[in-house]
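K.L.:
Below you will find the structure I want to go over with you.
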Amino acid sequence: MRENELKRLKQLEKEIKRIAEEEGLKTTDIIFEIAPASRVIEGMAYNFPINFSHWSFGRDYERTRTIYEHTGGGIPYEQVWNFDTPKAFLAESNPFALQVLTVAHVYAHVDFFLSNCYCRSSRLSVDIASQARNAAARFRKYEERYGQEVEKIIDAGFSIQWHQHPDFFRKEPEEEKVREYLREKSRNELAQLKTPSHLKKPDPKRIAILEKELMELSERTPPEPTYDILNYIIQHSSKFKPWARDVLSVIRSQARALAPNGATKLLNEGWATYWHIRIMNRLLKEKLITSEEHGVVNIFNAKVTRESDNSFNWYRIGVAFFEHVKERWDKGRFGRDYEECEDYFKKIHWDTGANKGIKKIFEVRSAYSDRMAVEDLFSDEFIKQQQIYIYGQIKDADGSVFREKVADDPEIIRTILKRLFTFHNLPLVTVEDGNYDTHQHLYLKHHDTGYELDTMHRDKTLEKIFYLWGKKVYLETQHEGKPILFSLEGDKIKTSNNIRKKQPL
Amino acid sequence: MAIVNSDSVGERGKKDARRHREKQKEGVIKNQLPEIFSEEAIITGKGKRTVKIPIRYIEIPTFRPAQNSGESYGIGQGNGDGWGADNEPGIDYIETEVEIEELIEMMLEDLGLPNLVNKPAKQILVELGFKISGKSRSGPWSLLNSAATAKEGIKRFWGYLRYLQKETGKDELSCFDVLKRSNGILKDALEILKDSNFQPQAKTFEPFPVFDNEDLRFHKIKKEKRPESQAVIIAMMDVSGSMSIDKKYLARSMLFWLTAFLRDIYERVEIRFIIHHTDAKLVDEKTFFSTGESGGTCCYSAYELAENLIDTQYPTNQWNVYLFHFSDGDDFDPSRSTEALKKCLNKDISMFGYGQISPEMSIEKMLGKSNVGDNNLLGVFAKQLPIIHSNNHGLQIFAGKENCPFIGVVINDKKQIWPAIQEYLKKGRWDNAGK
């Protein structure tokens, strides 16, 4: 960037910060680094400014780079991290007006990081950026010593990295503490049952169950089913050398740090887009940018938010979402009177002048996740207005693929979006028993949430888990409506109906 | 607060992308070979050195919902007009160019083929021309070994020099001087030196070669012969009316790849083409693939012609002979064809590969378990030759026992091209044969 441009950009950054604060956005110091497009793409692919080496990062890097170089699409116009001091990349090949837009966009992202309860939770975790940087150096040494074993461990860790507790705020408790808590619970109930009382009949059955539970509890691992498969394996697999444990721990903590971003992507991108438009308008109004520059920004903005017939455009739907919510609350289109009104004409002209839009959207950005936004605020009108639909792919006899609209019913769209935005769109799988058959076999259970698992990926994932666990791995799941048990040892996958029997407590 | 210029430029992305490419190539071997094999563009693209193949991005496996065809797949916005066939390659594919050589190498690796070279490849001596082997004292000037000759010349110079010193008692420089002046002729040098008026003129001592006839050295040459492996492929195809374009396409694909493999294994490969209906004739490659004739089928005509070809041009003590025959199994005189085939098999050939392209034939019919199979060639072969029938994932294989290098496969579909080739080229099939 030329010296005078850099000077002006620094000046504009101050103005943007001032405007953001005037509009009610939270701000903090941000480091903007002007870098070549390839560096920005690298940052995007590797999740952090510097991260350890893995082919999947290379794959994403190459894919984005190819799209960027050959089509000019996938413009790497911004990358910002939710660090203690947030850091953002500005792609140096972008025109000046776009740099200004990016700064505005990043300021809105940073407000989201500072305000949204989920994103705030990940700010509390360790200094993830320097952890990643240090991991890069450490893993390189491991690779020198252990060669492709390192890649294998990373492959396997990535395979289950998102299987964490759905609650981002939760700190995985120590196993012994959980055990003690459960023991206490059963003891208390037992004590009550055994206390003679004329109010209830003695219940010898329940007493027997509780006594059995208390006996088994000290042997049982995990004491109660856990979602955090990777954590369980790190803690209990007998297979690992310290370096492998280190690799897996880094993968797990990165996934945990990134998870809240994943769960708020729609809101975060929508919020940033919503505000960059407004900030740029104010810069024009205050004559801090020229109308030519504003024109460049508008063209770019139209590109980013255009409708996409084969993918979910986070920017488009996100920004439209905030505009829709603001309008509804400005016009008082909420609450019982509005919901229950059946007069169509009255409804479309509904305007109580409530003027609560701004307050509402700030509330949404603070307290909502994408899933909650869909559940609570993706109204039928909004889905129809955005013309969101679901398409299927149909293969022709000669192998060519056709797309076909299969649903645009708002109820179905909501259901599918909710599924997509829940638990990283992953099936719920828990570790039920780490000492199954008393042979330290690992027993996993896929909980029925309305669909079966993709068979190829299921088997391959089991292979990865087996690689990490080192002993037989079981997976309880459903097939054609019936429970079924898969087991993997070596390279043989077997099926049986021999589901583990578990007494409900 | 701070806008800074970046100083670090990452190279990690490129390095890791390379690793991903490597893994993709491994993936190609494992998953996509059958598809690549049946890709028409590769087979017809004559002389092309590279092929474009779509390679999948490698994914990390995760537990995920099953996706049924036609069910919800993605989310879009807009009115959804203007859709046609989805011609754009999906996001998960990238087209990449791979050299055919490289593909074949990968395939050979996958097949574990190198052993094939050790076992059935017969080697013969081929004259490669002449080769220098040692020195001799006589020969044509064109073969003068100047280095060796100069060495001899220098030896002679020192010999003369010592002799002169010894005879005259003069110092080294004077002796050198006269030797130089007399152009290396010892007699003249001695005379100059004995002259009492002799005054040495040379200032520096520089040894130079002195030649006599016997110092000349020549390159000795001999004819070079080297054992070399050579193979002939005699490709036979039924072009009778019943061989449709589709069937011929399957035959052509198989032949393309078989040829490519054998070319990789043998230093020299010749290919001869025979087409037949009731009569057989030798044709060129283009005719082989493009001819479509009508009429009946007598496979023996092709086998007899092939046998003749082996006897007259490709004796099996010098050539590895591979016969491949593709037909749809209709034959007017199966017993005569069997006899002709037996004669070929007795010629110590490397392999007779028979591909029966019969999409509609049931295996029961083929094996003659139902009574209709009398005209069906493979069925007759199976009865009259020492053959074991097996089924490899739906591919029907009829493999000859020891000393009967026959492999018959039934191809119904282009997906079977790769498995069939694997059967043809499987290593160690006749390892126990007393070849």
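Letters for chains follow the order of the structure tokens (A, B, ...), residue numbers begin at 1 for each chain, and ligand numbers begin at 1 in the order shown.
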Kindly assemble as a Markdown table a list of the chain A residues that lie within 7 Å of chain B, each paired with its nearest atom pair and their distance in Å to one decimal, using only C-alpha atoms, sorted first by chain and then by ascending residue number.

P.N.:
```
| residue | atom | partner | partner_atom | distance |
| --- | --- | --- | --- | --- |
| A:Lys10 | CA | B:Ile3 | CA | 6.6 |
| A:Asp29 | CA | B:Met1 | CA | 5.5 |
| A:Ile30 | CA | B:Met1 | CA | 5.9 |
| A:Ile31 | CA | B:Ala2 | CA | 5.1 |
| A:Phe32 | CA | B:Ile3 | CA | 4.6 |
| A:Glu33 | CA | B:Val4 | CA | 4.9 |
| A:Ile34 | CA | B:Asn5 | CA | 4.7 |
| A:Ala35 | CA | B:Ser6 | CA | 5.0 |
| A:Arg39 | CA | B:Val9 | CA | 6.0 |
| A:Glu42 | CA | B:Gly13 | CA | 6.0 |
| A:Ser53 | CA | B:Asp16 | CA | 6.6 |
| A:His54 | CA | B:Asp16 | CA | 5.9 |
| A:Trp55 | CA | B:Asp16 | CA | 4.6 |
| A:Ser56 | CA | B:His20 | CA | 6.8 |
| A:Phe57 | CA | B:Asp16 | CA | 6.8 |
| A:Gly58 | CA | B:Ala17 | CA | 3.8 |
| A:Arg59 | CA | B:Ala17 | CA | 5.2 |
| A:Tyr61 | CA | B:Gly13 | CA | 5.9 |
| A:Glu62 | CA | B:Ala17 | CA | 6.0 |
| A:Asp155 | CA | B:Ile60 | CA | 6.9 |
| A:Phe158 | CA | B:Ile60 | CA | 7.0 |
| A:Ser159 | CA | B:Thr62 | CA | 5.1 |
| A:Ile160 | CA | B:Thr62 | CA | 6.5 |
| A:Glu307 | CA | B:Gln77 | CA | 5.5 |
| A:Ser308 | CA | B:Gln77 | CA | 5.6 |
| A:Asp309 | CA | B:Gly76 | CA | 4.3 |
| A:Asn310 | CA | B:Gly76 | CA | 4.6 |
| A:Ser311 | CA | B:Gly76 | CA | 5.0 |
| A:Phe312 | CA | B:Ile75 | CA | 5.4 |
| A:Gln386 | CA | B:Gln77 | CA | 6.6 |
| A:Gln387 | CA | B:Gly78 | CA | 5.1 |
| A:Ile388 | CA | B:Gln77 | CA | 4.5 |
| A:Tyr389 | CA | B:Gly76 | CA | 5.5 |
| A:Ile390 | CA | B:Ile75 | CA | 4.7 |
| A:Tyr391 | CA | B:Gly74 | CA | 5.5 |
| A:Gly392 | CA | B:Ser72 | CA | 4.6 |
| A:Gln393 | CA | B:Gly70 | CA | 5.2 |
| A:Ile394 | CA | B:Gly70 | CA | 5.0 |
| A:Ser400 | CA | B:Ala85 | CA | 6.6 |
| A:Val401 | CA | B:Asp86 | CA | 5.4 |
| A:Phe402 | CA | B:Ala85 | CA | 4.9 |
| A:Arg403 | CA | B:Asp86 | CA | 6.8 |
| A:Val406 | CA | B:Ser72 | CA | 6.7 |
| A:Leu426 | CA | B:Arg64 | CA | 5.9 |
| A:Pro427 | CA | B:Arg64 | CA | 6.1 |
| A:Tyr451 | CA | B:Pro65 | CA | 6.2 |
| A:Glu452 | CA | B:Ala66 | CA | 5.8 |
| A:Leu453 | CA | B:Pro65 | CA | 4.6 |
| A:Asp454 | CA | B:Ala66 | CA | 3.7 |
| A:His457 | CA | B:Pro61 | CA | 5.2 |
| A:Arg458 | CA | B:Phe63 | CA | 5.3 |
| A:Lys460 | CA | B:Pro61 | CA | 6.0 |
| A:Thr461 | CA | B:Pro61 | CA | 5.4 |
```

K.L.:
With C-alpha atoms kept, could you save the residues just selected as an mmCIF file, in the first residue's frame?

P.N.:
```cif
data_model
loop_
_atom_site.group_PDB
_atom_site.id
_atom_site.type_symbol
_atom_site.label_atom_id
_atom_site.label_comp_id
_atom_site.auth_asym_id
_atom_site.auth_seq_id
_atom_site.Cartn_x
_atom_site.Cartn_y
_atom_site.Cartn_z
ATOM 1 C CA LYS A 10 -5.183 4.987 9.462
ATOM 2 C CA ASP A 29 -8.031 -2.094 19.937
ATOM 3 C CA ILE A 30 -7.686 -4.120 16.768
ATOM 4 C CA ILE A 31 -4.523 -5.031 14.891
ATOM 5 C CA PHE A 32 -4.976 -4.776 11.138
ATOM 6 C CA GLU A 33 -2.292 -6.486 9.113
ATOM 7 C CA ILE A 34 -2.025 -5.685 5.421
ATOM 8 C CA ALA A 35 -0.981 -8.901 3.724
ATOM 9 C CA ARG A 39 -1.462 -14.933 3.271
ATOM 10 C CA GLU A 42 -3.708 -19.129 4.445
ATOM 11 C CA SER A 53 0.727 -28.260 9.367
ATOM 12 C CA HIS A 54 -1.890 -30.607 7.939
ATOM 13 C CA TRP A 55 -2.998 -31.623 4.467
ATOM 14 C CA SER A 56 -6.597 -30.627 5.130
ATOM 15 C CA PHE A 57 -5.480 -27.036 5.727
ATOM 16 C CA GLY A 58 -3.462 -27.256 2.516
ATOM 17 C CA ARG A 59 -6.511 -28.538 0.695
ATOM 18 C CA TYR A 61 -5.848 -23.197 1.035
ATOM 19 C CA GLU A 62 -5.504 -24.531 -2.484
ATOM 20 C CA ASP A 155 -6.429 -37.181 10.892
ATOM 21 C CA PHE A 158 -10.023 -34.113 13.327
ATOM 22 C CA SER A 159 -12.502 -36.862 12.671
ATOM 23 C CA ILE A 160 -14.116 -36.443 16.084
ATOM 24 C CA GLU A 307 -28.757 -14.699 -3.875
ATOM 25 C CA SER A 308 -27.189 -18.055 -4.460
ATOM 26 C CA ASP A 309 -29.226 -20.793 -6.060
ATOM 27 C CA ASN A 310 -27.163 -23.643 -4.665
ATOM 28 C CA SER A 311 -25.820 -22.575 -1.316
ATOM 29 C CA PHE A 312 -26.793 -20.755 1.831
ATOM 30 C CA GLN A 386 -35.937 -14.445 1.052
ATOM 31 C CA GLN A 387 -37.239 -17.215 -1.205
ATOM 32 C CA ILE A 388 -35.301 -19.805 0.709
ATOM 33 C CA TYR A 389 -35.801 -23.315 -0.548
ATOM 34 C CA ILE A 390 -34.333 -26.779 -0.227
ATOM 35 C CA TYR A 391 -33.167 -28.569 -3.332
ATOM 36 C CA GLY A 392 -32.370 -32.174 -4.010
ATOM 37 C CA GLN A 393 -29.920 -33.598 -6.451
ATOM 38 C CA ILE A 394 -31.254 -36.132 -8.836
ATOM 39 C CA SER A 400 -25.726 -36.109 -15.151
ATOM 40 C CA VAL A 401 -26.963 -34.398 -12.057
ATOM 41 C CA PHE A 402 -30.029 -32.241 -11.853
ATOM 42 C CA ARG A 403 -31.120 -29.994 -9.065
ATOM 43 C CA VAL A 406 -37.945 -30.190 -3.036
ATOM 44 C CA LEU A 426 -23.473 -33.550 13.893
ATOM 45 C CA PRO A 427 -25.312 -36.577 15.106
ATOM 46 C CA TYR A 451 -31.850 -39.917 10.852
ATOM 47 C CA GLU A 452 -29.430 -42.749 10.265
ATOM 48 C CA LEU A 453 -25.705 -42.329 9.795
ATOM 49 C CA ASP A 454 -24.004 -42.249 6.448
ATOM 50 C CA HIS A 457 -18.393 -42.145 6.845
ATOM 51 C CA ARG A 458 -19.617 -44.094 9.845
ATOM 52 C CA LYS A 460 -14.309 -44.691 8.332
ATOM 53 C CA THR A 461 -14.867 -42.662 11.481
#
```

K.L.:
Give the alpha helix (DSSP H) residues of stretch 264-334 of chain B, as assigned by DSSP on the backbone, as number ranges by chain.

P.N.:
B: 264-265, 285-290, 299-312, 334

K.L.:
Please write the residues from the selection above to a file, keeping N, CA and C atoms, as a PDB file, in the first residue's frame.

P.N.:
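Output (out-v8.pdb):
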```
ATOM      1  N   ASP B 264       4.752 -51.396 -20.774  1.00  0.00           N
ATOM      2  CA  ASP B 264       5.527 -50.987 -19.618  1.00  0.00           C
ATOM      3  C   ASP B 264       6.442 -52.110 -19.143  1.00  0.00           C
ATOM      4  N   ILE B 265       6.039 -53.321 -19.379  1.00  0.00           N
ATOM      5  CA  ILE B 265       6.783 -54.467 -18.858  1.00  0.00           C
ATOM      6  C   ILE B 265       7.882 -54.905 -19.817  1.00  0.00           C
ATOM      7  N   GLU B 285      -4.571 -51.284 -37.123  1.00  0.00           N
ATOM      8  CA  GLU B 285      -5.286 -50.931 -35.903  1.00  0.00           C
ATOM      9  C   GLU B 285      -6.623 -50.245 -36.175  1.00  0.00           C
ATOM     10  N   LYS B 286      -6.572 -49.317 -37.137  1.00  0.00           N
ATOM     11  CA  LYS B 286      -7.766 -48.525 -37.398  1.00  0.00           C
ATOM     12  C   LYS B 286      -8.899 -49.414 -37.899  1.00  0.00           C
ATOM     13  N   THR B 287      -8.552 -50.276 -38.827  1.00  0.00           N
ATOM     14  CA  THR B 287      -9.560 -51.180 -39.368  1.00  0.00           C
ATOM     15  C   THR B 287     -10.104 -52.073 -38.265  1.00  0.00           C
ATOM     16  N   PHE B 288      -9.166 -52.501 -37.402  1.00  0.00           N
ATOM     17  CA  PHE B 288      -9.549 -53.409 -36.332  1.00  0.00           C
ATOM     18  C   PHE B 288     -10.694 -52.833 -35.512  1.00  0.00           C
ATOM     19  N   PHE B 289     -10.559 -51.547 -35.184  1.00  0.00           N
ATOM     20  CA  PHE B 289     -11.554 -50.959 -34.300  1.00  0.00           C
ATOM     21  C   PHE B 289     -12.774 -50.428 -35.038  1.00  0.00           C
ATOM     22  N   SER B 290     -12.629 -50.232 -36.341  1.00  0.00           N
ATOM     23  CA  SER B 290     -13.740 -49.565 -37.006  1.00  0.00           C
ATOM     24  C   SER B 290     -14.572 -50.519 -37.857  1.00  0.00           C
ATOM     25  N   CYS B 299     -14.776 -68.713 -34.776  1.00  0.00           N
ATOM     26  CA  CYS B 299     -13.598 -68.219 -34.078  1.00  0.00           C
ATOM     27  C   CYS B 299     -12.341 -68.983 -34.468  1.00  0.00           C
ATOM     28  N   TYR B 300     -12.517 -70.247 -34.852  1.00  0.00           N
ATOM     29  CA  TYR B 300     -11.318 -71.014 -35.187  1.00  0.00           C
ATOM     30  C   TYR B 300     -10.529 -70.350 -36.290  1.00  0.00           C
ATOM     31  N   SER B 301     -11.235 -69.648 -37.196  1.00  0.00           N
ATOM     32  CA  SER B 301     -10.513 -69.015 -38.303  1.00  0.00           C
ATOM     33  C   SER B 301      -9.455 -68.052 -37.755  1.00  0.00           C
ATOM     34  N   ALA B 302      -9.814 -67.320 -36.701  1.00  0.00           N
ATOM     35  CA  ALA B 302      -8.864 -66.385 -36.098  1.00  0.00           C
ATOM     36  C   ALA B 302      -7.755 -67.133 -35.372  1.00  0.00           C
ATOM     37  N   TYR B 303      -8.124 -68.180 -34.650  1.00  0.00           N
ATOM     38  CA  TYR B 303      -7.126 -68.924 -33.874  1.00  0.00           C
ATOM     39  C   TYR B 303      -6.111 -69.578 -34.800  1.00  0.00           C
ATOM     40  N   GLU B 304      -6.624 -70.090 -35.918  1.00  0.00           N
ATOM     41  CA  GLU B 304      -5.712 -70.758 -36.860  1.00  0.00           C
ATOM     42  C   GLU B 304      -4.756 -69.746 -37.481  1.00  0.00           C
ATOM     43  N   LEU B 305      -5.298 -68.584 -37.781  1.00  0.00           N
ATOM     44  CA  LEU B 305      -4.433 -67.540 -38.349  1.00  0.00           C
ATOM     45  C   LEU B 305      -3.383 -67.109 -37.318  1.00  0.00           C
ATOM     46  N   ALA B 306      -3.795 -67.002 -36.076  1.00  0.00           N
ATOM     47  CA  ALA B 306      -2.867 -66.606 -35.015  1.00  0.00           C
ATOM     48  C   ALA B 306      -1.767 -67.646 -34.853  1.00  0.00           C
ATOM     49  N   GLU B 307      -2.166 -68.901 -34.891  1.00  0.00           N
ATOM     50  CA  GLU B 307      -1.203 -69.985 -34.738  1.00  0.00           C
ATOM     51  C   GLU B 307      -0.166 -69.917 -35.858  1.00  0.00           C
ATOM     52  N   ASN B 308      -0.665 -69.667 -37.048  1.00  0.00           N
ATOM     53  CA  ASN B 308       0.195 -69.534 -38.205  1.00  0.00           C
ATOM     54  C   ASN B 308       1.189 -68.382 -38.023  1.00  0.00           C
ATOM     55  N   LEU B 309       0.670 -67.293 -37.497  1.00  0.00           N
ATOM     56  CA  LEU B 309       1.481 -66.101 -37.270  1.00  0.00           C
ATOM     57  C   LEU B 309       2.607 -66.399 -36.269  1.00  0.00           C
ATOM     58  N   ILE B 310       2.274 -67.147 -35.242  1.00  0.00           N
ATOM     59  CA  ILE B 310       3.274 -67.502 -34.230  1.00  0.00           C
ATOM     60  C   ILE B 310       4.363 -68.355 -34.883  1.00  0.00           C
ATOM     61  N   ASP B 311       3.938 -69.324 -35.653  1.00  0.00           N
ATOM     62  CA  ASP B 311       4.899 -70.232 -36.277  1.00  0.00           C
ATOM     63  C   ASP B 311       5.838 -69.499 -37.225  1.00  0.00           C
ATOM     64  N   THR B 312       5.274 -68.582 -38.000  1.00  0.00           N
ATOM     65  CA  THR B 312       6.090 -67.976 -39.048  1.00  0.00           C
ATOM     66  C   THR B 312       6.835 -66.730 -38.590  1.00  0.00           C
ATOM     67  N   PRO B 334     -18.103 -74.559 -32.325  1.00  0.00           N
ATOM     68  CA  PRO B 334     -17.312 -74.443 -31.093  1.00  0.00           C
ATOM     69  C   PRO B 334     -16.261 -75.545 -30.948  1.00  0.00           C
TER      70      PRO B 334
END
```

K.L.:
Need to verify the contact set: B:Ser182, 10 Å, only C-alpha atoms, exclusion of same-chain residues closer than 6 positions in sequence. Can you return it as a CSV table (one decimal) with C-alpha atoms, in the first residue's frame?

P.N.:
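Everything below was put into part-v1.csv:
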```
chain,number,residue,atom,x,y,z
B,176,PHE,CA,65.5,-32.8,-23.7
B,188,ASP,CA,69.7,-37.9,-34.8
B,189,ALA,CA,69.6,-36.8,-31.2
B,190,LEU,CA,72.5,-38.9,-30.2
B,191,GLU,CA,74.6,-37.4,-33.1
B,192,ILE,CA,73.8,-33.8,-32.1
```

K.L.:
Counting only C-alpha atoms, what is within 10 Å of A:Leu468, bar same-chain residues fewer than 6 positions away, as a list in words?

P.N.:
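These residues fall inside the cut-off: Lys152, Ile153, Ala156, Gly157, Leu230, Ile233, Ile234, Ser237, Ser238, Lys239, Phe240, Ala244, Leu248 and Leu462 of chain A.
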
K.L.:
Go ahead and dump the residues you just picked, N, CA and C atoms, as an mmCIF file, in the first residue's frame.

P.N.:
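For reference, again19.cif as written:
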```cif
data_model
loop_
_atom_site.group_PDB
_atom_site.id
_atom_site.type_symbol
_atom_site.label_atom_id
_atom_site.label_comp_id
_atom_site.auth_asym_id
_atom_site.auth_seq_id
_atom_site.Cartn_x
_atom_site.Cartn_y
_atom_site.Cartn_z
ATOM 1 N N LYS A 152 -1.314 -39.227 11.039
ATOM 2 C CA LYS A 152 -2.389 -40.174 11.351
ATOM 3 C C LYS A 152 -3.157 -39.764 12.595
ATOM 4 N N ILE A 153 -2.402 -39.318 13.594
ATOM 5 C CA ILE A 153 -3.051 -38.877 14.829
ATOM 6 C C ILE A 153 -3.926 -37.650 14.565
ATOM 7 N N ALA A 156 -7.098 -38.571 12.734
ATOM 8 C CA ALA A 156 -8.077 -39.215 13.610
ATOM 9 C C ALA A 156 -8.699 -38.205 14.572
ATOM 10 N N GLY A 157 -7.870 -37.293 15.080
ATOM 11 C CA GLY A 157 -8.378 -36.284 16.005
ATOM 12 C C GLY A 157 -9.403 -35.381 15.328
ATOM 13 N N LEU A 230 -13.371 -37.002 22.233
ATOM 14 C CA LEU A 230 -11.921 -36.800 22.141
ATOM 15 C C LEU A 230 -11.302 -36.660 23.531
ATOM 16 N N ILE A 233 -11.049 -40.001 25.169
ATOM 17 C CA ILE A 233 -9.960 -40.820 24.612
ATOM 18 C C ILE A 233 -8.601 -40.304 25.090
ATOM 19 N N ILE A 234 -8.445 -38.977 25.100
ATOM 20 C CA ILE A 234 -7.165 -38.413 25.569
ATOM 21 C C ILE A 234 -6.897 -38.867 27.001
ATOM 22 N N SER A 237 -7.204 -43.470 26.828
ATOM 23 C CA SER A 237 -6.585 -44.446 25.937
ATOM 24 C C SER A 237 -5.225 -44.837 26.501
ATOM 25 N N SER A 238 -4.945 -46.120 26.454
ATOM 26 C CA SER A 238 -3.684 -46.598 27.014
ATOM 27 C C SER A 238 -2.576 -46.505 25.979
ATOM 28 N N LYS A 239 -2.947 -46.051 24.789
ATOM 29 C CA LYS A 239 -2.062 -46.210 23.647
ATOM 30 C C LYS A 239 -1.011 -45.097 23.511
ATOM 31 N N PHE A 240 -1.342 -43.914 24.061
ATOM 32 C CA PHE A 240 -0.575 -42.752 23.612
ATOM 33 C C PHE A 240 0.748 -42.514 24.310
ATOM 34 N N ALA A 244 1.584 -37.650 21.357
ATOM 35 C CA ALA A 244 0.284 -37.869 20.708
ATOM 36 C C ALA A 244 -0.828 -37.230 21.541
ATOM 37 N N LEU A 248 -3.435 -34.263 20.259
ATOM 38 C CA LEU A 248 -4.891 -34.351 20.385
ATOM 39 C C LEU A 248 -5.458 -33.249 21.282
ATOM 40 N N LEU A 462 -15.274 -44.798 12.533
ATOM 41 C CA LEU A 462 -14.995 -45.847 13.512
ATOM 42 C C LEU A 462 -13.548 -46.316 13.417
#
```

K.L.:
From the options B:Leu161, B:Leu216, B:Cys404, B:Ile397, which residue's atoms come nearest to B:Gln384, counting only C-alpha atoms?

P.N.:
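Ranked by minimum distance to B:Gln384, first place goes to B:Cys404.
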
K.L.:
Using only C-alpha atoms, which of B:Cys298, B:Met236, B:Ala231, B:Val210 sits nearest B:Asn317?

P.N.:
B:Ala231

K.L.:
When you look at A:His165 with a cut-off of 10 Å (counting only C-alpha atoms), what residues show up, excluding the ones that are within fewer than 2 positions of it in the same chain? I need them as a ChimeraX atom specification.

P.N.:
/A:162-163,167-172,226-229,256,423,428,430

K.L.:
Smallest atom-to-atom distance to A:Gly262: which of A:Tyr46, A:Tyr181, A:Trp314, A:Tyr68, using only C-alpha atoms?

P.N.:
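Looking only at the distances to A:Gly262, the closest residue turns out to be A:Trp314.
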
K.L.:
Using only C-alpha atoms, find the one residue out of B:Arg137, B:Lys194, B:Lys203, B:Lys131 that sits nearest to B:Lys170.

P.N.:
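Ranking B:Arg137, B:Lys194, B:Lys203, B:Lys131 by distance to B:Lys170, first place goes to B:Lys194.
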
K.L.:
Stretch 132-146 of chain A: which residues within 10 Å, counting only C-alpha atoms, same-chain residues fewer than 5 positions away excluded, as a PyMOL selection string?

P.N.:
chain A and resi 46-53+127+151+243-244+246-247+250-251+253-254

K.L.:
To one decimal in Å, tell me the separation between atom CA of B:Lys25 and atom CA of B:Ile421.

P.N.:
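Taking atom CA of B:Lys25 as the start and atom CA of B:Ile421 as the end point, the length is 20.4 Å.
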
K.L.:
What separation in Å, quoted to one decimal, exists between atom CA of B:Leu255 and atom CA of B:Ile349?

P.N.:
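We find that atom CA of B:Leu255 and atom CA of B:Ile349 lie 17.9 Å from each other.
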
K.L.:
For A:Tyr118, which of A:Asn281, A:Thr264, A:Gln11, A:Thr66 is the closest residue, counting only C-alpha atoms?

P.N.:
A:Thr264

K.L.:
Of the candidates B:Val321, B:Leu143, B:Ile185, B:Leu193, which one gets nearest to B:Ser229 if we count only C-alpha atoms?

P.N.:
B:Val321
